[in-house]
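Colleague: The file below is structure00.txt, compact mmCIF, C-alpha atoms:
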# COMPACT_ATOMS: atom_id res chain seq x y z
CA MET H 1 -54.02 -24.15 -35.34
CA GLN H 2 -56.85 -23.23 -32.97
CA GLN H 3 -54.43 -22.07 -30.31
CA SER H 4 -52.58 -19.83 -32.73
CA ARG H 5 -55.90 -18.21 -33.71
CA THR H 6 -56.47 -17.12 -30.09
CA THR H 7 -52.88 -15.92 -29.93
CA GLU H 8 -53.43 -13.84 -33.04
CA ILE H 9 -56.59 -12.25 -31.64
CA VAL H 10 -54.98 -11.42 -28.30
CA THR H 11 -51.91 -10.02 -30.06
CA GLY H 12 -54.06 -7.97 -32.39
CA ALA H 13 -55.99 -6.55 -29.44
CA PHE H 14 -52.71 -5.71 -27.69
CA VAL H 15 -51.28 -3.93 -30.72
CA LEU H 16 -54.50 -1.97 -31.27
CA PHE H 17 -54.52 -1.05 -27.58
CA GLY H 18 -50.95 0.20 -27.87
CA PHE H 19 -51.77 2.36 -30.87
CA ALA H 20 -54.89 3.65 -29.13
CA ALA H 21 -52.68 4.72 -26.21
CA LEU H 22 -50.32 6.51 -28.61
CA PHE H 23 -53.27 8.21 -30.29
CA PHE H 24 -54.61 9.27 -26.90
CA LEU H 25 -51.25 10.74 -25.91
CA VAL H 26 -50.80 12.65 -29.17
CA THR H 27 -54.32 14.04 -29.37
CA GLN H 28 -55.41 14.40 -25.77
CA ILE H 29 -52.46 15.58 -23.71
CA THR H 30 -50.73 17.73 -26.30
CA ASN H 31 -51.77 21.19 -27.34
CA LYS H 32 -55.37 20.64 -28.35
CA GLU H 33 -58.55 22.42 -27.41
CA PHE H 34 -60.48 21.52 -24.31
CA THR H 35 -64.16 21.33 -25.10
CA ALA H 36 -66.46 22.68 -22.46
CA GLY H 37 -69.46 20.39 -22.36
CA GLY H 38 -72.95 20.59 -20.95
CA ALA H 39 -75.82 23.00 -21.39
CA GLY H 40 -75.09 26.66 -20.89
CA TYR H 41 -74.48 29.94 -22.64
CA SER H 42 -71.53 31.91 -23.98
CA LEU H 43 -70.21 35.25 -22.77
CA LEU H 44 -67.56 37.41 -24.39
CA ALA H 45 -64.93 39.74 -23.00
CA ASN H 46 -62.24 41.84 -24.67
CA PHE H 47 -58.89 42.11 -22.97
CA GLU H 48 -55.84 44.19 -23.81
CA ASN H 49 -53.65 41.40 -22.51
CA ILE H 50 -54.65 37.90 -21.51
CA GLY H 51 -51.24 36.84 -20.21
CA SER H 52 -51.00 33.05 -20.41
CA LEU H 53 -54.72 32.33 -20.17
CA LYS H 54 -55.54 29.06 -21.92
CA VAL H 55 -58.60 27.47 -23.44
CA GLY H 56 -60.22 25.29 -20.76
CA ALA H 57 -59.22 27.57 -17.89
CA PRO H 58 -61.95 28.01 -15.28
CA VAL H 59 -64.25 31.01 -14.99
CA SER H 60 -64.95 31.54 -11.32
CA MET H 61 -67.22 33.67 -9.18
CA SER H 62 -66.16 34.06 -5.54
CA GLY H 63 -63.90 31.06 -6.10
CA VAL H 64 -66.65 28.79 -7.42
CA THR H 65 -66.11 27.53 -10.97
CA VAL H 66 -69.13 28.58 -13.02
CA GLY H 67 -67.76 27.95 -16.50
CA ARG H 68 -64.78 27.47 -18.77
CA VAL H 69 -62.86 29.51 -21.31
CA GLU H 70 -64.18 28.24 -24.63
CA SER H 71 -62.03 29.99 -27.18
CA ILE H 72 -59.46 32.75 -27.43
CA SER H 73 -59.03 34.83 -30.55
CA TYR H 74 -57.71 38.21 -31.62
CA ASP H 75 -59.91 41.02 -32.92
CA MET H 76 -58.05 42.84 -35.71
CA GLN H 77 -60.53 45.75 -35.64
CA GLN H 78 -60.13 46.64 -31.99
CA TYR H 79 -56.68 45.12 -31.52
CA LYS H 80 -57.82 43.25 -28.47
CA ALA H 81 -57.96 39.64 -27.39
CA VAL H 82 -61.47 38.18 -27.49
CA VAL H 83 -62.16 35.54 -24.87
CA SER H 84 -65.31 33.47 -25.19
CA MET H 85 -66.54 31.75 -22.03
CA HIS H 86 -68.96 28.90 -21.66
CA ILE H 87 -71.05 29.42 -18.51
CA ASP H 88 -72.98 26.57 -16.96
CA ALA H 89 -76.75 26.83 -17.48
CA LYS H 90 -77.54 26.86 -13.74
CA TYR H 91 -75.60 30.11 -13.25
CA ASN H 92 -78.03 32.17 -15.33
CA ARG H 93 -78.40 35.17 -13.06
CA ILE H 94 -75.09 36.94 -13.55
CA PRO H 95 -75.78 40.73 -13.56
CA ASP H 96 -74.90 42.35 -16.89
CA ASP H 97 -72.70 44.98 -15.26
CA SER H 98 -70.43 42.36 -13.68
CA ASP H 99 -66.73 42.65 -14.33
CA ALA H 100 -64.27 40.04 -15.53
CA SER H 101 -60.61 40.02 -14.63
CA ILE H 102 -57.77 37.64 -15.37
CA MET H 103 -56.21 36.34 -12.19
CA THR H 104 -53.44 33.91 -11.33
CA ALA H 105 -53.90 30.93 -9.04
CA GLY H 106 -50.93 30.97 -6.71
CA LEU H 107 -47.55 32.44 -7.55
CA LEU H 108 -46.80 30.34 -10.62
CA GLY H 109 -50.18 28.74 -11.11
CA GLY H 110 -52.46 28.74 -14.11
CA GLN H 111 -54.52 31.80 -14.95
CA TYR H 112 -58.29 31.93 -14.71
CA ILE H 113 -61.07 34.46 -15.15
CA GLY H 114 -62.58 35.86 -12.00
CA VAL H 115 -66.05 37.37 -12.31
CA THR H 116 -67.32 39.78 -9.68
CA ALA H 117 -71.10 40.26 -9.63
CA GLY H 118 -72.39 43.76 -10.28
CA GLY H 119 -75.56 45.40 -9.02
CA SER H 120 -77.72 45.44 -12.13
CA ASP H 121 -81.10 43.66 -12.19
CA GLN H 122 -80.60 42.74 -15.84
CA TYR H 123 -78.87 39.38 -16.37
CA PHE H 124 -76.39 38.26 -19.00
CA LYS H 125 -77.85 36.34 -21.92
CA GLU H 126 -76.26 34.21 -24.65
CA GLY H 127 -73.50 36.22 -26.35
CA GLY H 128 -73.41 38.91 -23.65
CA LYS H 129 -70.28 40.98 -23.32
CA PHE H 130 -68.45 42.13 -20.20
CA ALA H 131 -68.12 45.92 -20.25
CA ILE H 132 -65.69 46.16 -17.35
CA VAL H 133 -62.59 44.02 -17.66
CA GLN H 134 -59.21 43.89 -16.03
CA ASP H 135 -56.18 42.56 -17.89
CA ALA H 136 -53.74 39.95 -16.77
CA LEU H 137 -51.01 41.18 -14.51
CA VAL H 138 -47.77 41.01 -16.49
CA LEU H 139 -44.96 40.46 -14.04
CA GLU H 140 -42.35 42.14 -16.28
CA ASN H 141 -44.39 45.36 -16.48
CA LEU H 142 -44.86 45.33 -12.74
CA ILE H 143 -41.14 44.91 -12.14
CA ASN H 144 -40.39 47.68 -14.66
CA GLN H 145 -42.72 50.03 -12.84
CA LEU H 146 -41.18 49.10 -9.52
CA VAL H 147 -37.65 49.66 -10.82
CA ALA H 148 -38.71 52.95 -12.40
CA SER H 149 -40.28 54.19 -9.18
CA PHE H 150 -37.20 53.21 -7.16
CA ALA H 151 -34.92 54.92 -9.70
CA GLY H 152 -37.13 58.04 -9.59
CA LYS H 153 -36.97 58.17 -5.79
CA LYS H 154 -33.20 57.76 -5.81
CA SER H 155 -32.60 60.64 -8.23
CA ASP H 156 -35.04 62.79 -6.25
CA SER H 157 -33.18 62.17 -3.01
CA ALA H 158 -29.88 62.73 -4.77
CA GLU H 159 -31.08 66.14 -5.93
CA GLU H 160 -32.30 66.94 -2.45
CA THR H 161 -28.91 66.20 -0.90
CA LYS H 162 -27.29 68.45 -3.50
CA LYS H 163 -29.46 71.30 -2.40
CA MET B 164 -2.63 -5.54 -11.62
CA PHE B 165 -2.11 -3.85 -14.97
CA LYS B 166 -2.43 -7.18 -16.74
CA ALA B 167 -5.70 -7.94 -14.98
CA LEU B 168 -7.03 -4.53 -15.93
CA THR B 169 -6.16 -4.94 -19.61
CA LYS B 170 -7.74 -8.38 -19.55
CA LEU B 171 -10.93 -6.97 -18.03
CA LEU B 172 -11.01 -4.19 -20.61
CA GLY B 173 -10.32 -6.66 -23.37
CA ASN B 174 -13.19 -8.86 -22.17
CA ALA B 175 -15.58 -5.89 -22.11
CA VAL B 176 -14.62 -4.84 -25.64
CA ALA B 177 -14.87 -8.45 -26.80
CA ALA B 178 -18.37 -8.72 -25.29
CA PHE B 179 -19.44 -5.60 -27.20
CA GLY B 180 -17.95 -7.03 -30.38
CA ALA B 181 -19.71 -10.35 -29.88
CA ILE B 182 -23.08 -8.70 -29.20
CA THR B 183 -22.68 -6.48 -32.28
CA TRP B 184 -21.97 -9.54 -34.46
CA PHE B 185 -24.98 -11.19 -32.88
CA LEU B 186 -27.16 -8.16 -33.74
CA LEU B 187 -25.91 -8.17 -37.34
CA ARG B 188 -26.70 -11.90 -37.64
CA ILE B 189 -30.21 -11.26 -36.32
CA LEU B 190 -30.74 -8.31 -38.66
CA SER B 191 -29.66 -10.39 -41.65
CA GLN B 192 -32.45 -12.85 -40.75
CA VAL B 193 -35.11 -10.23 -40.03
CA PRO B 194 -36.53 -10.05 -43.60
CA ARG B 195 -36.84 -13.85 -43.72
CA ALA B 196 -38.41 -13.93 -40.27
CA LEU B 197 -40.97 -11.35 -41.39
CA LEU B 198 -41.93 -13.66 -44.26
CA ARG B 199 -43.32 -15.99 -41.62
CA PRO B 200 -45.32 -13.56 -39.48
CA GLY B 201 -46.90 -16.35 -37.44
CA LEU B 202 -43.72 -16.78 -35.38
CA VAL B 203 -43.35 -13.03 -34.84
CA ILE B 204 -47.00 -12.65 -33.84
CA HIS B 205 -46.56 -15.46 -31.34
CA GLN B 206 -43.59 -13.62 -29.83
CA ILE B 207 -45.42 -10.27 -29.71
CA HIS B 208 -48.08 -12.16 -27.80
CA ASN B 209 -45.51 -13.59 -25.38
CA ALA B 210 -43.53 -10.40 -24.84
CA GLY B 211 -46.30 -7.84 -25.16
CA ALA B 212 -49.80 -9.09 -24.52
CA LEU B 213 -48.73 -11.21 -21.56
CA SER B 214 -46.88 -8.24 -20.00
CA LEU B 215 -49.96 -6.06 -20.26
CA VAL B 216 -51.31 -6.70 -16.77
CA ILE B 217 -48.05 -5.88 -14.95
CA ILE B 218 -47.46 -2.81 -17.16
CA MET B 219 -50.96 -1.47 -16.56
CA THR B 220 -50.92 -2.11 -12.81
CA CYS B 221 -47.51 -0.51 -12.37
CA GLY B 222 -48.44 2.39 -14.67
CA LEU B 223 -51.53 3.12 -12.62
CA PHE B 224 -49.64 3.12 -9.33
CA VAL B 225 -46.66 5.09 -10.65
CA GLY B 226 -49.15 7.69 -11.90
CA MET B 227 -51.01 7.75 -8.60
CA VAL B 228 -47.85 8.17 -6.53
CA LEU B 229 -46.71 10.88 -8.94
CA GLY B 230 -50.02 12.61 -8.31
CA LEU B 231 -49.57 12.46 -4.54
CA GLN B 232 -45.91 13.47 -4.47
CA GLY B 233 -46.28 16.06 -7.20
CA TYR B 234 -49.23 17.66 -5.44
CA ASP B 235 -47.42 17.72 -2.10
CA MET B 236 -44.34 19.27 -3.67
CA LEU B 237 -46.12 21.82 -5.84
CA GLU B 238 -48.45 22.82 -3.02
CA ARG B 239 -45.44 24.15 -1.09
CA PHE B 240 -44.99 26.71 -3.87
CA GLY B 241 -48.70 27.30 -4.17
CA SER B 242 -48.67 26.06 -7.74
CA GLU B 243 -50.54 22.76 -7.49
CA SER B 244 -52.38 23.76 -10.66
CA SER B 245 -49.24 22.82 -12.63
CA LEU B 246 -49.60 19.22 -11.45
CA GLY B 247 -50.93 18.14 -14.86
CA SER B 248 -47.99 19.45 -16.86
CA ALA B 249 -45.33 18.41 -14.33
CA ALA B 250 -46.62 14.85 -14.00
CA ALA B 251 -47.34 14.40 -17.71
CA LEU B 252 -43.90 15.62 -18.76
CA ALA B 253 -42.21 13.39 -16.18
CA LEU B 254 -44.23 10.37 -17.34
CA VAL B 255 -43.95 10.95 -21.08
CA LYS B 256 -40.25 11.77 -21.19
CA GLU B 257 -38.65 9.74 -18.40
CA LEU B 258 -40.68 7.54 -16.12
CA GLY B 259 -42.82 5.89 -18.78
CA PRO B 260 -40.07 4.61 -21.09
CA VAL B 261 -37.61 3.73 -18.30
CA VAL B 262 -39.98 1.97 -15.90
CA ALA B 263 -41.70 0.15 -18.77
CA ALA B 264 -38.30 -1.04 -20.02
CA LEU B 265 -37.26 -2.23 -16.55
CA LEU B 266 -40.53 -4.11 -16.13
CA PHE B 267 -40.18 -5.51 -19.64
CA ALA B 268 -36.68 -6.78 -18.84
CA GLY B 269 -38.00 -8.45 -15.70
CA ARG B 270 -41.13 -9.92 -17.22
CA ALA B 271 -40.32 -10.66 -20.87
CA GLY B 272 -36.51 -10.48 -21.04
CA THR B 273 -36.01 -13.21 -18.46
CA ALA B 274 -38.56 -15.42 -20.21
CA LEU B 275 -36.74 -14.99 -23.53
CA ALA B 276 -33.31 -15.66 -22.04
CA SER B 277 -34.34 -18.75 -20.10
CA GLU B 278 -36.33 -20.13 -23.03
CA ILE B 279 -33.43 -19.85 -25.47
CA GLY B 280 -30.97 -20.94 -22.77
CA LEU B 281 -33.02 -24.08 -22.13
CA MET B 282 -33.18 -24.77 -25.86
CA ARG B 283 -29.39 -24.59 -25.83
CA ALA B 284 -29.15 -26.78 -22.72
CA THR B 285 -31.44 -29.43 -24.17
CA ASP B 286 -29.56 -29.38 -27.50
CA GLN B 287 -32.59 -28.16 -29.44
CA LEU B 288 -30.53 -25.46 -31.15
CA VAL B 289 -27.91 -28.03 -32.20
CA ALA B 290 -30.65 -30.32 -33.47
CA MET B 291 -32.02 -27.49 -35.59
CA GLU B 292 -28.60 -26.84 -37.07
CA ILE B 293 -28.22 -30.52 -37.91
CA MET B 294 -31.58 -30.40 -39.71
CA ALA B 295 -30.27 -27.37 -41.63
CA VAL B 296 -32.80 -25.12 -39.93
CA ASP B 297 -31.19 -21.80 -39.01
CA PRO B 298 -31.97 -21.16 -35.32
CA PHE B 299 -31.44 -17.44 -35.93
CA ARG B 300 -34.28 -17.39 -38.42
CA HIS B 301 -36.69 -19.55 -36.43
CA VAL B 302 -35.81 -18.87 -32.79
CA VAL B 303 -33.72 -15.76 -32.25
CA ALA B 304 -34.97 -13.27 -34.86
CA PRO B 305 -38.72 -13.71 -34.16
CA ARG B 306 -38.15 -13.30 -30.42
CA PHE B 307 -36.02 -10.23 -30.97
CA LEU B 308 -38.61 -8.70 -33.31
CA GLY B 309 -41.43 -9.50 -30.91
CA GLY B 310 -39.68 -7.60 -28.12
CA VAL B 311 -38.76 -4.66 -30.37
CA ILE B 312 -42.38 -4.27 -31.48
CA ALA B 313 -43.91 -4.88 -28.06
CA LEU B 314 -41.94 -2.47 -25.85
CA PRO B 315 -42.84 0.83 -27.59
CA LEU B 316 -46.52 -0.18 -27.45
CA LEU B 317 -46.20 -1.15 -23.79
CA THR B 318 -44.50 2.19 -23.11
CA MET B 319 -47.40 4.13 -24.63
CA ILE B 320 -49.92 2.10 -22.64
CA PHE B 321 -47.89 2.66 -19.47
CA ILE B 322 -47.85 6.44 -20.01
CA ALA B 323 -51.56 6.64 -20.84
CA ILE B 324 -52.53 4.63 -17.76
CA GLY B 325 -50.06 6.64 -15.68
CA ILE B 326 -51.70 9.92 -16.69
CA PHE B 327 -55.04 8.39 -15.80
CA GLY B 328 -53.55 7.55 -12.38
CA VAL B 329 -52.31 11.12 -11.88
CA GLN B 330 -55.73 12.40 -12.84
CA LEU B 331 -57.38 9.96 -10.44
CA VAL B 332 -55.38 11.18 -7.43
CA GLY B 333 -54.82 14.80 -8.41
CA VAL B 334 -58.27 15.71 -9.68
CA GLN B 335 -60.65 13.22 -8.09
CA GLN B 336 -59.03 12.95 -4.68
CA LEU B 337 -56.92 16.05 -4.02
CA GLY B 338 -59.15 18.50 -5.84
CA VAL B 339 -56.98 20.03 -8.56
CA ASP B 340 -59.36 21.68 -11.02
CA GLN B 341 -60.08 19.34 -13.92
CA GLY B 342 -59.93 22.00 -16.63
CA THR B 343 -56.74 23.52 -15.21
CA PHE B 344 -55.20 20.06 -14.99
CA TRP B 345 -55.85 19.22 -18.63
CA SER B 346 -55.26 22.69 -20.07
CA GLN B 347 -51.95 23.09 -18.19
CA MET B 348 -50.94 19.65 -19.47
CA ARG B 349 -51.90 20.51 -23.02
CA GLY B 350 -50.17 23.85 -22.77
CA SER B 351 -46.82 22.35 -21.93
CA VAL B 352 -46.67 18.89 -23.55
CA GLU B 353 -45.72 18.98 -27.23
CA VAL B 354 -46.08 16.21 -29.79
CA ASP B 355 -42.27 16.14 -29.84
CA ASP B 356 -42.25 15.12 -26.18
CA VAL B 357 -44.48 12.14 -26.93
CA MET B 358 -42.24 11.27 -29.88
CA GLN B 359 -39.20 11.39 -27.57
CA GLY B 360 -40.93 8.89 -25.29
CA LEU B 361 -41.72 6.71 -28.30
CA ILE B 362 -38.12 6.84 -29.57
CA LYS B 363 -36.86 5.91 -26.11
CA GLY B 364 -39.31 3.00 -26.07
CA CYS B 365 -37.99 1.77 -29.44
CA VAL B 366 -34.32 2.07 -28.42
CA PHE B 367 -34.92 0.34 -25.07
CA GLY B 368 -36.90 -2.34 -26.92
CA VAL B 369 -33.93 -3.08 -29.17
CA ALA B 370 -31.46 -3.03 -26.26
CA CYS B 371 -33.48 -5.17 -23.84
CA SER B 372 -34.53 -7.73 -26.48
CA LEU B 373 -31.00 -7.99 -27.85
CA ILE B 374 -29.50 -8.53 -24.40
CA ALA B 375 -32.16 -11.13 -23.55
CA VAL B 376 -31.73 -13.25 -26.70
CA TYR B 377 -27.93 -12.87 -26.60
CA GLU B 378 -27.60 -13.97 -22.99
CA GLY B 379 -29.92 -16.90 -23.65
CA TYR B 380 -28.05 -17.92 -26.79
CA VAL B 381 -24.59 -17.87 -25.22
CA ALA B 382 -25.72 -19.36 -21.89
CA GLU B 383 -23.79 -22.31 -20.55
CA PRO B 384 -25.84 -25.44 -21.32
CA THR B 385 -26.46 -26.27 -17.67
CA ALA B 386 -29.25 -25.47 -15.24
CA GLU B 387 -26.89 -23.12 -13.44
CA GLY B 388 -25.85 -21.46 -16.70
CA VAL B 389 -29.45 -20.73 -17.64
CA GLY B 390 -30.04 -19.23 -14.20
CA ARG B 391 -26.98 -17.02 -14.58
CA ALA B 392 -28.10 -15.96 -18.06
CA THR B 393 -31.45 -14.86 -16.64
CA THR B 394 -29.76 -12.83 -13.90
CA ARG B 395 -27.37 -11.21 -16.35
CA THR B 396 -30.29 -10.34 -18.63
CA VAL B 397 -32.04 -8.33 -15.93
CA VAL B 398 -28.89 -6.64 -14.63
CA ASN B 399 -27.48 -5.77 -18.05
CA SER B 400 -30.85 -4.62 -19.39
CA ALA B 401 -31.39 -2.32 -16.41
CA VAL B 402 -27.90 -0.82 -16.62
CA MET B 403 -28.09 -0.45 -20.39
CA THR B 404 -31.54 1.15 -20.19
CA LEU B 405 -30.36 3.80 -17.75
CA ILE B 406 -27.15 4.55 -19.67
CA LEU B 407 -29.02 4.81 -22.97
CA ASP B 408 -31.65 6.94 -21.27
CA TYR B 409 -29.04 9.48 -20.26
CA MET B 410 -27.53 9.48 -23.77
CA ILE B 411 -30.83 9.91 -25.58
CA THR B 412 -31.93 12.65 -23.20
CA ALA B 413 -28.63 14.49 -23.62
CA VAL B 414 -28.92 14.30 -27.41
CA MET B 415 -32.61 15.12 -27.75
CA LEU B 416 -33.16 17.74 -25.06
When written as structure tokens, how does the structure in this file appear?
Modeller:
Amino acid sequence: MQQSRTTEIVTGAFVLFGFAALFFLVTQITNKEFTAGGAGYSLLANFENIGSLKVGAPVSMSGVTVGRVESISYDMQQYKAVVSMHIDAKYNRIPDDSDASIMTAGLLGGQYIGVTAGGSDQYFKEGGKFAIVQDALVLENLINQLVASFAGKKSDSAEETKK
Amino acid sequence: MFKALTKLLGNAVAAFGAITWFLLRILSQVPRALLRPGLVIHQIHNAGALSLVIIMTCGLFVGMVLGLQGYDMLERFGSESSLGSAAALALVKELGPVVAALLFAGRAGTALASEIGLMRATDQLVAMEIMAVDPFRHVVAPRFLGGVIALPLLTMIFIAIGIFGVQLVGVQQLGVDQGTFWSQMRGSVEVDDVMQGLIKGCVFGVACSLIAVYEGYVAEPTAEGVGRATTRTVVNSAVMTLILDYMITAVML
């Protein structure tokens, strides 16, 4: 019976491993929050529209990732999206008049927050808030504007030819 | 010509009938087989735990090649940040279940078929019947159950290791941002997608195990017959897996 005892242990380990893999797949790769780890501080920014920005998206300055989006919520008082960012502790000299804008990596890529340094000699501290923000570019709005401007031009030229 | 065709068709239908009867006979013995879990555990060990190394190695390399190819392809559109979601969806919904089932048929299915076929060839099954021991209860049903339980678990392990492989190449080597990789993946993979992979794993497990034990059981009791049964197991399992894969995808998408 000794051999069957080893078999049982190996089988048990295999089954547990299989369920651990299933658990990993369900909890880790499906829609769950990405926790930004490490020492650092949080910054806030209010956006009219965040597009498809997701928790865990990078916060970058001049293309260098300095932090992560920590949480996204909606402020019912101001009717704006509130994005909380976790900035790495070593980037502690971000001027407090810097601006944050939501940008897209590539044509169809994920969205991230780009921070451009301002000129102030005061630096952001824990809980600081970006005063100058730029919303995500919504492609539909852009196309609408483009169509509208083309349509406007056309009717203008049509009127001109009438004259 | 027409006669030959009808005969061929008749044979195919008869084979389906025979395999369905075989499945019903197994299912009737499943409760009794579960009363003696020792046999089933032994078969899960044979079909599952012993396939672990090949499943994990192949999963890692399938994931890594997916990372390379996916990155190269997505980079042409400037959207390599979607690598996580593209690779994870491909692995969870298609590659994981199908490749795991094909490997399972090659590694465990052939072992099952040749084992039962040899039992038939050496008259062990007949001896059991003479001793009033039902070979379905003691030989066929435990092996079938072992395969059915093992393949979904192997599929999940394959997918998890595969995603690790994608991450290894995409993030560590090619420099896709780690947070983008995971958040894009999480943004697009739903729990339903994982469940679809799991359901496919279960269905392929039933199909591959059934084909393996059936081919072994009906094998000609010669060395050549056992060899042919092993070949047929791999071929039929692979074809059946791909056909079923299309059907399940069409139904569940």
Colleague: Using only C-alpha atoms, which of B:Gly390, B:Gly272, B:Gly350, B:Gly379 sits nearest chain H?
Modeller: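 Closest residue, counting only C-alpha atoms: B:Gly350.
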Colleague: Taking all listed atoms of region 303-317 of chain B, build the axis-aligned box, pad each of the six sides by 4 Å, then write its centre and edge lengths in Å to one decimal as lines of an AutoDock Vina configuration file.
Modeller:
center_x = -40.1
center_y = -7.5
center_z = -29.3
size_x = 20.8
size_y = 24.6
size_z = 19.1
Colleague: Looking at H:Tyr41, H:Phe150, H:Phe17, H:Phe24, which one is nearest to His86 (chain H), with distances taken over all atoms listed in the file?
Modeller: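 Closest residue, counting all atoms listed in the file: H:Tyr41.
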Colleague: Please determine, counting all atoms listed in the file, which residue among B:Leu265, B:Leu361, B:Leu316, B:Val203 has the shortest atom-to-atom distance to chain H.
Modeller: B:Leu316
Colleague: Could you check how far CA of Pro200 (chain B) sits from CA of Val216 (chain B), in Å to one decimal?
Modeller: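 These two atoms are separated by 24.5 Å.
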Colleague: Which is closer to Tyr112 (chain H) than all the others in H:Gly128, H:Gly63, H:Pro58, H:Gly152, using all atoms listed in the file?
Modeller: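 Closest candidate: H:Pro58.
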Colleague: What's the 7 Å shell around region 278-290 of chain B, counting all atoms listed in the file, without same-chain residues fewer than 2 positions away, as a VMD selection string?
Modeller: chain B and resid 274 to 276 292 to 294 298 376 379 to 380 382 384 to 385 389
Colleague: Restricting it to C-alpha atoms, dump the selection as a PDB file, in the frame of the given file.
Modeller:
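Final file, selection-v8.pdb:
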ATOM      1  CA  ALA B 274     -38.560 -15.420 -20.210  1.00  0.00           C
ATOM      2  CA  LEU B 275     -36.740 -14.990 -23.530  1.00  0.00           C
ATOM      3  CA  ALA B 276     -33.310 -15.660 -22.040  1.00  0.00           C
ATOM      4  CA  GLU B 292     -28.600 -26.840 -37.070  1.00  0.00           C
ATOM      5  CA  ILE B 293     -28.220 -30.520 -37.910  1.00  0.00           C
ATOM      6  CA  MET B 294     -31.580 -30.400 -39.710  1.00  0.00           C
ATOM      7  CA  PRO B 298     -31.970 -21.160 -35.320  1.00  0.00           C
ATOM      8  CA  VAL B 376     -31.730 -13.250 -26.700  1.00  0.00           C
ATOM      9  CA  GLY B 379     -29.920 -16.900 -23.650  1.00  0.00           C
ATOM     10  CA  TYR B 380     -28.050 -17.920 -26.790  1.00  0.00           C
ATOM     11  CA  ALA B 382     -25.720 -19.360 -21.890  1.00  0.00           C
ATOM     12  CA  PRO B 384     -25.840 -25.440 -21.320  1.00  0.00           C
ATOM     13  CA  THR B 385     -26.460 -26.270 -17.670  1.00  0.00           C
ATOM     14  CA  VAL B 389     -29.450 -20.730 -17.640  1.00  0.00           C
TER      15      VAL B 389
END
Colleague: Residues of chain B no more than 6 Å from chain H, counting all atoms listed in the file: send them over as a VMD selection string.
Modeller: chain B and resid 208 212 241 to 242 244 316 319 to 320 323 342 to 343 346 349 to 350 352 to 354
